[in-house]
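Before any comments, here is the structure.
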Amino acid sequence: MTRVASLYLPQFAIERLRRPERSTRPPERGAVPLEPRLPAAVDDNPGACSVPKGGGWRPGARWARDGALPAKPTQAEIDALPAHQRPASHERSRRSEAADHPFRAMPPDEGMAGAALAWPPSFPAIMRPMILIERVGQKDVVTAACPVALDLGLRPGMAAAHARALVPDLDVRDADPASDRALLARLALHAVCHWTPIASVAEPDGLRLDLSGTTHLFGGEERFCRRLLRFLGRIGFTATIAIAGTPGAAHALARYGSAAITILPPGADTEAIAHLPLAALRLAPNALAAASRFGLERIGDLYPMPRGPLAKRLGLSTVTRLDQARGVVAEPIVPVVPFEMPRVERRLLEPIGTAEAITQVIGDLIDDMVTLLQTRGLGLRAAALTCLRVDGGEQRIAFGTARATRDAKHLKRLAAMRVETIEPGLGIEAMALAAPRVEELHPIELCADLADHDRAPDIAPLVDQLAGRVGEKALFRMTPRESDVPERAACRAPALATPTGWPRWKRPVRLLARPELLGQVVALLPDHPPRRFVWRGKPYRIVAGDGPERIHGEWWRTSREMWAVRDYFRVEAEGGERFWLFRRGDGVDAPTGDLSWYMHGLFG
């Protein structure tokens with residue numbers, strides 16, 4: 001028995017845009033977020049207003065608003081009240097009757113067609129009606145509208161100029177169908193990984209799931225639907241879902257049904273969709289226009305009609321859609337296929353345990369992997385080798401490359417460096433090689449004239465071999481970082497990364513990890529380098545110096561650097577050593593530093 005679910009996401013494009021603006025607080029259990037509506041026109045809590053709702057005593061009669069008497073007190077009830085609560089004699093004869101609001105009695109339209117759609121100026125800015133527009137031919141057309149805009153009479157397919165004329169305070173944004181399709185594809189992949197192995201995108205605003213034999217894992221079809229709606233509510237989307245025996249019936253009920261969850265029993269598809277409009281069959285616009293001319297409005301109107309005249313008047317696609325919805329013609333679901341990890345395997349006739357045999361099998365696996373990667377246009381970045389032993393144990397080794405490659409010789413060399421870490425035990429009976437990380441590898445353009453051009457050598461194989469011996473973390477390059485503080489202005493990068501944007505200021509070849517305090521410093525303030533100092537127990541006498549280079553603290557990182565100042569100097573000692581040192585403070589204002597000196601780097 002086939003069970004197909006159609007998931008419809010109304011206002012999907014609008015909710016996708018507004019989803020980052022939603023609150024991060026999760027909704028109540030079982031609750032589905034609702035779109036906000038316009039506030040009520042009548043103030044249900046007038047506060048200190050002197051006019052009670054529904055008429056009654058006149059505004060000036062304070063005793064009539066205290067709740068002590070009913071709407072029409074009798075003379076006996078008034079006499080029974082204490083003297084201080086009795087109304088004055090001139091107030092007893094003055095009553096005001098309930099009357100309609102003067103503005104409500106006016107006609108709804110005084111000759112201004114757009115007056116009824118005016119947006120309240122006091123409504124919050126975040127609740128402005130939103131529409132998405134797309135260029136179609138020579139005009140902009142509304143492709144989606146939020147629920148508030150729908151309440152104001154705006155509809156998809158309307159001209160954008162007409163919508164702006166009806167609602168002046170309108171939030172108009174460009175539609176992004178590519179982003180909508182990408183997000184729907186991500187939801188379909190999520191469905192394949194978590195709900196059902198067969199799922200597809202039903203453009204432009206839905207998913208189609210084949211639930212045959214899977215809903216019992218979630219406690220039944222109804223519990224699965226509630227769970228699915230709660231999941232979509234947590235990520236900021238509203239949805240309706242229908243489960244039927246055919247994709248066409250599920251599609252029609254999800255989009256044109258009246259309930260958030262519709263579950264049809266087997267065999268009830270034809271009767272359930274009979275009352276739905278013809279648009280639920282996914283007919284072409286010209287077929288819908290022709291059906292309206294013949295007075296056909298519901299799907300049930302097509303049931304008694306002969307197939308020949310129906311196909312002649314409304315098109316053969318109409319008959320096909322009708323048969324698909326009723327289950328007469330099959331409508332296969334083309335599922336989305338998640339990424340399949342490249343994997344090759346070899347099962348051995350006899351267990352092996354020598355290094356030569358293991359290396360031979362690894363070489364065969366790499367040859368198979370290279371062929372598979374070449375077919376898919378990919379290059380290997382990381383590989384995982386699994387060896388299944390006779391005793392049921394597993395041995396796993398992993399190796400990677402600094403750049404995507406399909407060079408079998410290079411990969412075999414990297415794998416051979418890890419063979420010594422394999423413990424075969426009683427023998428290995430199966431081996432598998434997987435590539436959990438791959439990248440697209442495009443062909444390399446070769447020179448047409450076969451001339452010996454000066455081309456930089458590829459050091460990726462050398463980096464891979466060194467990383468296999470000393471570890472991947474031991475090989476790196478330094479790259480600049482956006483910071484004026486020297487110890488923050490550089491960071492580690494991959495070995496094959498290309499550093500860019502190095503500053504033009506002169507910096508030492510070796511920068512100390514932490515500045516080291518200098519002792520016995522003699523220097524003239526405020527702008528002169530030191531004459532002598534002691535560093536690491538050794539005195540130095542300076543013969544030349546250059547500076548200062550002033551660097552201010554990064555106050556946006558920490559408040560302690562709000563007024564911090566460093567004055568850097570490049571100095572040369574008598575023995576030829578050249579240092580890079582600095583003084584804390586500018587020598588004038590005390591908050592900038594305590595005038596202590598530090599060694600920060602060495603030149604040459």
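Order determines the names: the first chain of the structure tokens is A, the second B, and so forth; residues in each chain are numbered 1 upward, and ligands are numbered 1 upward as they are shown.
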
Quick one: residues within 9 Å of region 437-443 of chain A, only C-alpha atoms, excluding same-chain residues fewer than 5 positions away - as a PyMOL selection string?
chain A and resi 341-342+373-374+376-383+400+403-406

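The coordinates place CA of Glu429 (chain A) at 4.6 Å from CA of Pro351 (chain A).
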
How close does each residue of region 153-272 of chain A get to region 319-331 of chain A, giving the shortest atom pair and distance in Å to one decimal for every residue with an atom at most 7 Å away, counting only C-alpha atoms, sorted by chain and residue number, as a Markdown table?
| residue | atom | partner | partner_atom | distance |
| --- | --- | --- | --- | --- |
| A:Thr246 | CA | A:Gly327 | CA | 5.9 |
| A:Pro247 | CA | A:Ala325 | CA | 6.8 |
| A:Gly248 | CA | A:Ala325 | CA | 4.1 |
| A:Ala249 | CA | A:Ala325 | CA | 4.9 |
| A:Asp269 | CA | A:Arg326 | CA | 6.2 |
| A:Thr270 | CA | A:Arg326 | CA | 5.3 |

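Each of A:Arg488, A:Thr375, A:Ala291, A:Arg208 was checked against Ala254 (chain A) using only C-alpha atoms; the smallest atom-to-atom distance is that of A:Arg208.
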
Go through region 394-497 of chain A and flag each residue having an atom no more than 9 Å from region 355-370 of chain A; for those, report the closest pair of atoms plus their distance in Å to one decimal, using only C-alpha atoms, ordered by chain and rising number, as a Markdown table.
| residue | atom | partner | partner_atom | distance |
| --- | --- | --- | --- | --- |
| A:Arg406 | CA | A:Val370 | CA | 5.6 |
| A:Asp407 | CA | A:Val370 | CA | 7.5 |
| A:Ala408 | CA | A:Asp367 | CA | 6.3 |
| A:Lys409 | CA | A:Gly363 | CA | 8.9 |
| A:Leu411 | CA | A:Ile366 | CA | 7.2 |
| A:Lys412 | CA | A:Gly363 | CA | 6.0 |
| A:Ala415 | CA | A:Ile362 | CA | 7.5 |
| A:Ala416 | CA | A:Thr359 | CA | 6.5 |
| A:Val419 | CA | A:Ala355 | CA | 6.9 |
| A:Glu420 | CA | A:Ala355 | CA | 7.5 |
| A:Ile422 | CA | A:Ala355 | CA | 8.8 |
| A:Ile428 | CA | A:Ile358 | CA | 8.5 |
| A:Met431 | CA | A:Val361 | CA | 7.8 |
| A:Ala432 | CA | A:Leu365 | CA | 7.4 |
| A:Leu433 | CA | A:Leu365 | CA | 6.5 |
| A:Ala434 | CA | A:Met369 | CA | 8.1 |
| A:Ala435 | CA | A:Met369 | CA | 8.4 |

What does the structure give for the distance between CA of Leu278 (chain A) and CA of Arg313 (chain A), in Å to one decimal?
14.4 Å

List the neighbours of region 255-267 of chain A out to 7 Å using only C-alpha atoms; skip same-chain residues closer than 2 positions along the sequence, and give me the result as a ChimeraX atom specification.
/A:8,225,240-245,251-253,269,276,280

With a distance cut-off of 10 Å and only C-alpha atoms, select the neighbouring residues of region 177-185 of chain A, excluding the residue or stretch itself and same-chain residues fewer than 3 positions from it, and output the selection as a PyMOL selection string.
chain A and resi 9+12-14+16-17+134+143+174+188-191+199-207+336

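Between CA of His162 (chain A) and CA of Ala175 (chain A) lies a distance of 17.4 Å.
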
Non-local contacts of Pro515 (chain A) (12 Å; only C-alpha atoms; under 2 positions in same chain excluded) as a ChimeraX atom specification:
/A:485-487,510-513,517-518,535,566,568,580-584,596-602
